[in-house]
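Asker: Please read through the structure below; I'll follow up with questions.
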Amino acid sequence: MKNLLSGLLSLLLICACAHNAKVETPHSLLPVPQDIQTSDGAFTLCKGTKLYINVAGEEKNAITNAFAAWNGLLEPTAEECGTDCIAMEVCGSVENISSPEGYSIDVTEEKISVRATSAAGLFYAAQTLLQLADEKNNIPVCTITDEPQFAYRGLMLDVSRHFFGKEFVKKQIDAMAHFKMNRLHLHLTDAAGWRIEIKKYPRLTEFAAWRSPAIWKDWWFGDRKYVEEGSEGAYGGYYTQEDIKELVAYAAERYITIIPEIEMPAHSEETLTAYPELSCTHEPYKQADFCVGNEKTFEFLENVLTEVIELFPSEYIHIGGDEAGKASWPHCPLCQKRMKDEGLQNVDELQSYLIQRVEKFVNSKGRQIIGWDEILDGGLAPNATVMSWRGTEGGIAAVESGHKAIMTPGGYCYLDSYQDAPHTQPMAFGPYMPLEKVYSYNPRAEIDSAKAELIYGIQGNLWVEYIPTEELVEYMIYPRILAIAEIGWSNPANRDYAAFKERAIKATDYLRSKGYNAFDIANEFGQRKEAQTPVEHLATAGSITYAEEAPYSDNYNAGGNNALIDGICGGWTYTDKKWQGFIKNGVDVTIDLGEEKGINSVSADFMQMCIPDVWLPAKVTISLSDDGNTFRDIAQIEHTVVRDEGLSFKNYGWNGNEKGRYVRFRAECGPQRGWLFTDEIIVK
Ligand code: ACM
């Protein structure tokens with residue numbers, strides 16, 4: 001009787017499944033697909049819906065596991081299925097799809113048919129279906145044809161400055177897969193700690209992986225000492241080789257390749273303190289760069305890379321290459337001998353010698369190297385791929401010389417920058433870079449179409465100097481990595497920020513529901529209000545001259561001579577091309593209003609951000625003149641400049657009732673010297 005009842009009940013349930021619900025169809029897919037056509041009706045997934053996958057083994061497991069959210073509903077079947085079924089098939093070809101990661105989906109009320117030319121395509125189709133389903137598991141009737149723009153869609157996580165354990169890394173891999181990202185670049189070694197077990201060099205993990213204090217800022221601005229593993233107060237950690245295997249396998253099941261980065265020749269203080277004989281002077285705590293003249297350096301690097309290559313099956317091994325000081329090389333007899341023997345003209349060529357030699361070794365193991373864009377200096381290694389971070393120039397130069405490039409320009413892809421008005425945010429390393437700014441990036445812009453194919457992809461980088469906790473890591477990554485995911489996957493013709501933001505808000509809700517500490521993009525504070533609308537004032541119709549000894553910097557010219565009287569005010573960052581920067585002798589400008597005018601106020605904003613050496617002025621003097629020769633001071637504003645954290649703004653202004661044709665505005669630096677930045681001298 002009980003069996004009969006439950007049989008009847010399940011029949012009813014099946015009937016309920018077959019009787020499909022009417023659902024709203026505006027999709028919230030992120031990344032937005034290449035093409036989607038929706039109609040009325042839906043396929044309703046319910047208990048007993050069959051799942052047919054025509055691949056076997058690990059590939060089949062990966063796709064079955066991708067549907068884990070529907071465990072208890074889907075019933076895997078070995079037979080090709082008819083109705084009430086999701087059929088996932090790898091075929092020889094799929095119309096309008098050229099990428100192995102592409103797929104087509106056909107949803108009818110009876111069945112979902114998915115086709116791809118590889119299991120990766122099926123995996124991404126599964127992500128699309130999961131995103132399409134509503135809370136009652138209705139999937140709108142639709143057809144989708146979809147494939148990525150870029151083969152490489154990455155996230156870099158720095159696990160050196162602060163260490164994050166393998167479970168946390170897996171959690172980020174889950175989110176990456178959901179948004180169709182496919183490369184996780186782990187920055188495993190740097191001054192702040194070595195993070196991977198290397199059997200041949202135990203001091204790297206017994207010692208160079210540990211420090212005190214835990215917070216990078218306190219350590220870096222303190223004594224920068226390493227401590228023994230297990231000693232009191234030791235902070236740090238590393239992935240054992242077993243951890244790495246587990247992570248690599250976990251990522252692979254989600255079609256994500258982990259790319260390890262082993263830094264060389266610089267950012268290696270931890271290594272050169274554990275093994276001081278590898279530096280030029282053999283002194284611990286003194287050197288960041290390997291000695292390139294010493295054969296032992298190559299023996300070490302090759303031994304380390306041999307173990308790394310065995311652990312990571314990735315085609316690419318990242319060998320760093322950034323920010324080498326190269327300071328000890330000119331004084332080191334071994335480096336000098338190397339330069340002489342190899343006919344190297346300068347230290348850039350010496351670095352290039354190291355990179356090229358390491359590339360040969362890595363190539364001999366069947367792998368390729370990626371390096372930060374400094375590997376272009378002194379001659380690019382023949383097969384290297386360049387990761388362009390100091391802007392886009394390195395990537396462009398790489399593809400122009402026939403190399404592949406991965407674009408990670410700091411101004412768009414560095415997720416350690418402020419994502420909202422700085423005063424509303426935890427302290428960050430880089431300037432204001434909201435979701436919209438990230439989304440505005442096009443990796444193939446400025447690149448000749450014949451070379452654009454060599455742009456291999458895009459990556460968001462999270463450096464964690466100021467990010468000590470897992471919560472903060474997630475806060476900085478999400479939702480901005482969604483913009484990277486969409487740039488990496490979606491056709492630029494389908495990209496629209498307003499629509500993306502709507503979808504990003506939904507995706508952020510999803511992430512939060514899964515326990516990710518995503519930034520609340522729905523309630524962002526937004527751009528500095530002064531920057532939102534131009535300001536009309538007396539000087540905008542005038543002209544301006546700069547004192548010869550106080551020119552603005554070419555790098556921060558804000559558009560040139562009229563920048564301070566163009567009515568355009570700057571935003572939250574001096575890098576937005578609206579703030580004019582002065583590095584030599586402060587600001588000293590004279591505005592000609594064209595004729596004598598009644599003047600009631602003169603003012604200008606300045607900003608302070610001490611880390612990049614940007615300071616408020618110590619003194620501002622405002623003067624007026626009728627003839628441009630004889631000036632009378634009408635205001636002197638003094639300010640005691642003190643170092644602080646974060647970003648602040650200050651208005652230096654005068655109000656009163658005067659007449660004049662010429663307004664002279666001078667701003668003097670405090671004892672710190674450094675940069676002054678102002679955006680507009682407003683005369684009313
Ligand atoms: C870097 O940000 N130094 C690659």
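Here, A, B, ... name the chains of the structure tokens in the order displayed, residue numbers run from 1 inside each chain, and ligands are numbered from 1 in the same displayed order.
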Identify, counting only C-alpha atoms and all ligand atoms, the protein, DNA and RNA residues located within 12 Å of ligand 1, and give them as a PyMOL selection string.

Answerer: chain A and resi 156-158+187+190+261+263-264+266-267+318-324+370-375+386-391+394+407-411+413-417+429-430+459-465

Asker: Go through stretch 102-233 of chain A and collect every residue that DSSP, computed from the backbone, puts in strand (DSSP E or B); the answer should be as a PyMOL selection string.

Answerer: chain A and resi 103-107+111-116+138-146+152-158+183-187+196+210-211+226

Asker: May I have the residues within 7 Å of stretch 139-148 of chain A as an NGL selection string, using only C-alpha atoms and disregarding those fewer than 3 positions away in the same chain?

Answerer: :A and (23 or 25 or 33-44 or 97 or 99 or 101-109 or 132-134 or 151 or 488-490)

Asker: With N, CA and C atoms retained, export the selected residues as an mmCIF file, in the first residue's frame.

Answerer:
data_model
loop_
_atom_site.group_PDB
_atom_site.id
_atom_site.type_symbol
_atom_site.label_atom_id
_atom_site.label_comp_id
_atom_site.auth_asym_id
_atom_site.auth_seq_id
_atom_site.Cartn_x
_atom_site.Cartn_y
_atom_site.Cartn_z
ATOM 1 N N VAL A 23 7.635 31.057 -16.993
ATOM 2 C CA VAL A 23 8.629 31.834 -16.225
ATOM 3 C C VAL A 23 8.999 33.105 -16.983
ATOM 4 N N THR A 25 11.605 35.408 -18.617
ATOM 5 C CA THR A 25 12.825 34.955 -19.282
ATOM 6 C C THR A 25 13.980 35.957 -19.362
ATOM 7 N N PRO A 33 26.208 35.562 -22.911
ATOM 8 C CA PRO A 33 26.572 34.651 -24.012
ATOM 9 C C PRO A 33 26.638 35.347 -25.360
ATOM 10 N N GLN A 34 27.250 34.643 -26.277
ATOM 11 C CA GLN A 34 27.391 35.162 -27.639
ATOM 12 C C GLN A 34 26.019 35.417 -28.270
ATOM 13 N N ASP A 35 25.135 34.418 -28.144
ATOM 14 C CA ASP A 35 23.792 34.575 -28.711
ATOM 15 C C ASP A 35 22.802 33.800 -27.855
ATOM 16 N N ILE A 36 21.698 34.446 -27.516
ATOM 17 C CA ILE A 36 20.642 33.754 -26.775
ATOM 18 C C ILE A 36 19.299 34.190 -27.329
ATOM 19 N N GLN A 37 18.457 33.233 -27.639
ATOM 20 C CA GLN A 37 17.089 33.510 -28.106
ATOM 21 C C GLN A 37 16.157 32.813 -27.127
ATOM 22 N N THR A 38 15.237 33.568 -26.567
ATOM 23 C CA THR A 38 14.328 32.948 -25.595
ATOM 24 C C THR A 38 12.901 32.954 -26.135
ATOM 25 N N SER A 39 12.104 32.008 -25.665
ATOM 26 C CA SER A 39 10.668 31.965 -25.999
ATOM 27 C C SER A 39 9.897 31.706 -24.718
ATOM 28 N N ASP A 40 8.575 31.679 -24.850
ATOM 29 C CA ASP A 40 7.736 31.369 -23.688
ATOM 30 C C ASP A 40 7.957 29.918 -23.274
ATOM 31 N N GLY A 41 7.665 29.667 -22.028
ATOM 32 C CA GLY A 41 7.713 28.297 -21.534
ATOM 33 C C GLY A 41 9.038 27.979 -20.884
ATOM 34 N N ALA A 42 9.074 26.810 -20.286
ATOM 35 C CA ALA A 42 10.290 26.426 -19.573
ATOM 36 C C ALA A 42 10.392 24.919 -19.487
ATOM 37 N N PHE A 43 11.590 24.486 -19.330
ATOM 38 C CA PHE A 43 11.840 23.098 -18.950
ATOM 39 C C PHE A 43 11.930 23.104 -17.433
ATOM 40 N N THR A 44 11.194 22.213 -16.810
ATOM 41 C CA THR A 44 11.245 22.177 -15.346
ATOM 42 C C THR A 44 11.988 20.927 -14.904
ATOM 43 N N ILE A 97 30.460 27.321 -33.755
ATOM 44 C CA ILE A 97 31.372 27.247 -32.613
ATOM 45 C C ILE A 97 32.747 26.835 -33.126
ATOM 46 N N SER A 99 35.609 27.389 -30.797
ATOM 47 C CA SER A 99 36.441 27.150 -29.616
ATOM 48 C C SER A 99 36.054 25.829 -28.959
ATOM 49 N N GLU A 101 35.976 25.412 -26.013
ATOM 50 C CA GLU A 101 35.239 25.759 -24.793
ATOM 51 C C GLU A 101 33.808 26.207 -25.107
ATOM 52 N N GLY A 102 33.473 26.295 -26.397
ATOM 53 C CA GLY A 102 32.140 26.764 -26.785
ATOM 54 C C GLY A 102 31.107 25.661 -26.669
ATOM 55 N N TYR A 103 29.856 26.032 -26.802
ATOM 56 C CA TYR A 103 28.774 25.052 -26.667
ATOM 57 C C TYR A 103 27.501 25.631 -27.279
ATOM 58 N N SER A 104 26.550 24.721 -27.566
ATOM 59 C CA SER A 104 25.203 25.199 -27.899
ATOM 60 C C SER A 104 24.218 24.518 -26.955
ATOM 61 N N ILE A 105 23.166 25.242 -26.643
ATOM 62 C CA ILE A 105 22.125 24.689 -25.769
ATOM 63 C C ILE A 105 20.790 24.909 -26.465
ATOM 64 N N ASP A 106 19.966 23.875 -26.457
ATOM 65 C CA ASP A 106 18.605 24.010 -26.974
ATOM 66 C C ASP A 106 17.667 23.541 -25.868
ATOM 67 N N VAL A 107 16.945 24.487 -25.277
ATOM 68 C CA VAL A 107 16.007 24.134 -24.207
ATOM 69 C C VAL A 107 14.600 24.152 -24.785
ATOM 70 N N THR A 108 13.906 23.017 -24.723
ATOM 71 C CA THR A 108 12.473 22.993 -25.043
ATOM 72 C C THR A 108 11.746 22.618 -23.756
ATOM 73 N N GLU A 109 10.430 22.572 -23.816
ATOM 74 C CA GLU A 109 9.706 22.209 -22.597
ATOM 75 C C GLU A 109 9.943 20.744 -22.235
ATOM 76 N N LEU A 132 20.859 29.783 -15.364
ATOM 77 C CA LEU A 132 19.545 30.090 -15.959
ATOM 78 C C LEU A 132 18.379 29.644 -15.077
ATOM 79 N N ALA A 133 18.605 28.612 -14.277
ATOM 80 C CA ALA A 133 17.491 28.034 -13.519
ATOM 81 C C ALA A 133 16.997 29.004 -12.452
ATOM 82 N N ASP A 134 15.686 29.104 -12.300
ATOM 83 C CA ASP A 134 15.160 29.930 -11.206
ATOM 84 C C ASP A 134 15.066 29.084 -9.936
ATOM 85 N N ALA A 151 41.160 32.627 -24.779
ATOM 86 C CA ALA A 151 41.438 31.287 -24.238
ATOM 87 C C ALA A 151 41.883 31.363 -22.781
ATOM 88 N N GLY A 488 36.747 38.535 -20.595
ATOM 89 C CA GLY A 488 37.454 37.373 -21.111
ATOM 90 C C GLY A 488 36.585 36.479 -21.971
ATOM 91 N N TRP A 489 35.301 36.442 -21.659
ATOM 92 C CA TRP A 489 34.430 35.489 -22.348
ATOM 93 C C TRP A 489 33.593 36.126 -23.449
ATOM 94 N N SER A 490 33.018 37.290 -23.169
ATOM 95 C CA SER A 490 31.912 37.777 -24.010
ATOM 96 C C SER A 490 32.392 38.642 -25.164
#

Asker: Need the shell around stretch 68-79 of chain A: protein/DNA/RNA residues with any atom at most 10 Å away, counting only C-alpha atoms. Skip same-chain ones fewer than 4 positions apart. Format as an mmCIF file with N, CA and C atoms, in the first residue's frame?

Answerer:
data_model
loop_
_atom_site.group_PDB
_atom_site.id
_atom_site.type_symbol
_atom_site.label_atom_id
_atom_site.label_comp_id
_atom_site.auth_asym_id
_atom_site.auth_seq_id
_atom_site.Cartn_x
_atom_site.Cartn_y
_atom_site.Cartn_z
ATOM 1 N N LEU A 45 13.055 21.191 -14.183
ATOM 2 C CA LEU A 45 13.886 20.104 -13.685
ATOM 3 C C LEU A 45 13.260 19.565 -12.409
ATOM 4 N N CYS A 46 13.138 18.279 -12.295
ATOM 5 C CA CYS A 46 12.610 17.751 -11.036
ATOM 6 C C CYS A 46 13.163 16.360 -10.790
ATOM 7 N N LYS A 47 12.736 15.773 -9.704
ATOM 8 C CA LYS A 47 13.307 14.480 -9.312
ATOM 9 C C LYS A 47 13.078 13.468 -10.428
ATOM 10 N N GLY A 48 14.167 12.886 -10.850
ATOM 11 C CA GLY A 48 14.048 11.892 -11.905
ATOM 12 C C GLY A 48 14.412 12.408 -13.286
ATOM 13 N N THR A 49 14.636 13.732 -13.424
ATOM 14 C CA THR A 49 15.113 14.234 -14.723
ATOM 15 C C THR A 49 16.428 13.532 -15.050
ATOM 16 N N LYS A 50 16.482 13.010 -16.266
ATOM 17 C CA LYS A 50 17.663 12.211 -16.604
ATOM 18 C C LYS A 50 18.826 13.111 -17.070
ATOM 19 N N LEU A 51 20.007 12.642 -16.783
ATOM 20 C CA LEU A 51 21.216 13.339 -17.247
ATOM 21 C C LEU A 51 22.035 12.354 -18.058
ATOM 22 N N TYR A 52 22.161 12.657 -19.335
ATOM 23 C CA TYR A 52 22.937 11.796 -20.221
ATOM 24 C C TYR A 52 24.181 12.563 -20.662
ATOM 25 N N ILE A 53 25.321 11.953 -20.496
ATOM 26 C CA ILE A 53 26.595 12.587 -20.891
ATOM 27 C C ILE A 53 27.348 11.579 -21.750
ATOM 28 N N ASN A 54 27.747 11.983 -22.955
ATOM 29 C CA ASN A 54 28.346 10.977 -23.837
ATOM 30 C C ASN A 54 29.870 10.920 -23.766
ATOM 31 N N ALA A 62 33.500 15.135 -14.035
ATOM 32 C CA ALA A 62 33.574 16.596 -13.871
ATOM 33 C C ALA A 62 32.235 17.241 -14.216
ATOM 34 N N ILE A 63 31.596 16.746 -15.258
ATOM 35 C CA ILE A 63 30.326 17.360 -15.672
ATOM 36 C C ILE A 63 29.199 16.936 -14.732
ATOM 37 N N THR A 64 29.218 15.682 -14.339
ATOM 38 C CA THR A 64 28.210 15.234 -13.360
ATOM 39 C C THR A 64 28.355 16.067 -12.083
ATOM 40 N N CYS A 85 14.848 15.249 -19.904
ATOM 41 C CA CYS A 85 16.249 14.832 -19.944
ATOM 42 C C CYS A 85 17.164 16.008 -20.284
ATOM 43 N N ILE A 86 18.327 15.982 -19.686
ATOM 44 C CA ILE A 86 19.404 16.876 -20.146
ATOM 45 C C ILE A 86 20.417 15.994 -20.862
ATOM 46 N N ALA A 87 20.576 16.205 -22.137
ATOM 47 C CA ALA A 87 21.513 15.386 -22.920
ATOM 48 C C ALA A 87 22.725 16.233 -23.254
ATOM 49 N N LEU A 130 22.935 26.140 -14.880
ATOM 50 C CA LEU A 130 22.797 26.423 -13.438
ATOM 51 C C LEU A 130 22.423 27.891 -13.217
ATOM 52 N N ASN A 137 13.717 25.734 -10.199
ATOM 53 C CA ASN A 137 14.400 24.910 -11.203
ATOM 54 C C ASN A 137 13.725 24.932 -12.565
#

Asker: Fewer than 6 positions away in the same chain doesn't count, so skip those; otherwise give me all residues within 10 Å of A:Asp496, counting only C-alpha atoms, as a PyMOL selection string.

Answerer: chain A and resi 32+439-440

Asker: Counting only C-alpha atoms, figure out which residue out of A:Arg367, A:Lys166, A:Arg503, A:His331 gets nearest to A:Tyr316.

Answerer: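 Comparing A:Arg367, A:Lys166, A:Arg503, A:His331 against A:Tyr316, the winner is A:Arg367.
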
Asker: Smallest atom-to-atom distance to A:Lys529: which of A:Asn138, A:Gln131, A:Ile568, A:Val641, using only C-alpha atoms?

Answerer: A:Ile568
